Amino acid sequence: IGELFFFDMEYIHGVNLVDYIAEANMEELFEISNDLCILILTMKQSAGEKEINDFAFKINQKIKDIEANALKNIWIPKETIANLKNSFSEIKLPENLKQTFCHGDLTMENIIYDKKNKKYYLIDFLDNFIEHYWFDIINLFRDIEGKWYKFRNPEMNLNNTIPKMNFINGFLRGNFLKDEKEYIKRHNLFLALNFARVLPYAKEEHKDYLNNAINYNIEKHKNNLINT
């Protein structure tokens, strides 16, 4: 109009997935868990012929970027980043992954559910440094397992929500991640990396939480290696 471009966006009458889970009954909770499995499986099945030949290089480059940010921010614990870097140097990363669809920021706040029409909408897509569905799994588990959602929803009743997130955690592990052997053995280390990626953009009052989450997942990864 008047030589200016515009676009219309559909208005969605829905709530983000965290709010939906907080109010969900057991039947709805089961449906949510199953739908998340279907969503991730759909992403996995989008793999084409294009291989990610530089997976390890991109992971190491991302850690270097985080390390550089740590030098600029005095409140980011340098020893935590060093611990992360050393942990990744000790593992073998996959070399033959196929590129898939990747949302890039698949947190529960970026999944909108229209309860009336029983539809999910994904919003706020981002480019990811590696286009692979594993990184969407990690973002989801930052909420499901790492409880990152509590900072964006300070009024939420955690006594009600945490058991429901635990149910979803168990469902996804039992019905999807059990077949993701290459991913699951690196799950906690990838989750530590995901929390570290948040560090440069997080509020300073979240420092202790993020630092503890990174180190906790690194230690859990090491313990899993010992037990296997």
# chains A, B, ... in the order shown; residues from 1 in each chain; ligands from 1

call {"tool": "residues_around", "arguments": {"residues": "segment 179-195 of chain A", "least_positions_apart": "3", "cutoff": "6 Å", "atoms": "only C-alpha atoms", "output": "PDB file with C-alpha atoms, in the first residue's frame"}}
result
ATOM      1  CA  ILE A 138      17.863 -30.119  23.838  1.00  0.00           C
ATOM      2  CA  PHE A 176      11.270 -41.691  21.849  1.00  0.00           C
ATOM      3  CA  VAL A 198      22.260 -18.835  27.434  1.00  0.00           C
ATOM      4  CA  ILE A 214      26.080 -26.620  33.503  1.00  0.00           C
ATOM      5  CA  ASN A 217      24.950 -31.929  33.625  1.00  0.00           C
ATOM      6  CA  ILE A 218      28.692 -32.297  33.024  1.00  0.00           C
ATOM      7  CA  HIS A 221      27.469 -37.097  31.782  1.00  0.00           C
TER       8      HIS A 221
END

call {"tool": "select_by_dssp", "arguments": {"residues": "segment 5-181 of chain A", "states": "strand (DSSP E)", "output": "JSON, numbers by chain"}}
result
{"A": [15, 16, 111, 112, 113, 114, 119, 120, 121, 122]}

call {"tool": "residues_around", "arguments": {"residues": "segment 100-114 of chain A", "least_positions_apart": "6", "cutoff": "7 Å", "atoms": "only C-alpha atoms", "output": "VMD selection string"}}
result
chain A and resid 13 to 18 43 to 44 46 to 48 120 to 128 131 to 133 136 139 to 140 143

call {"tool": "residues_around", "arguments": {"residues": "Lys85 of chain A", "least_positions_apart": "5", "cutoff": "12 Å", "atoms": "only C-alpha atoms", "output": "ChimeraX atom specification"}}
result
/A:59-67,78-80,90-91,189-190,192-193,196,214-215,218

call {"tool": "atom_distance", "arguments": {"atom1": "atom CA of Lys116 of chain A", "atom2": "atom CA of Phe6 of chain A"}}
result
29.2 Å

call {"tool": "closest_residue", "arguments": {"among": "A:Leu199, A:Leu71, A:Ile40, A:Leu158", "to": "Phe135 of chain A", "atoms": "only C-alpha atoms"}}
result
A:Ile40

call {"tool": "select_by_dssp", "arguments": {"residues": "segment 87-124 of chain A", "states": "helix (DSSP H, G or I)", "output": "list in words"}}
result
Ser87, Phe88, Ser89, Met108, Glu109 and Asn110 of chain A

call {"tool": "write_last_selection", "arguments": {"atoms": "C-alpha atoms", "output": "PDB file, in the first residue's frame"}}
result
ATOM      1  CA  SER A  87      34.473 -32.501  28.656  1.00  0.00           C
ATOM      2  CA  PHE A  88      33.783 -32.075  24.946  1.00  0.00           C
ATOM      3  CA  SER A  89      37.444 -32.665  24.121  1.00  0.00           C
ATOM      4  CA  MET A 108       7.780 -24.553  25.456  1.00  0.00           C
ATOM      5  CA  GLU A 109       7.089 -20.827  25.246  1.00  0.00           C
ATOM      6  CA  ASN A 110       7.461 -21.071  21.476  1.00  0.00           C
TER       7      ASN A 110
END
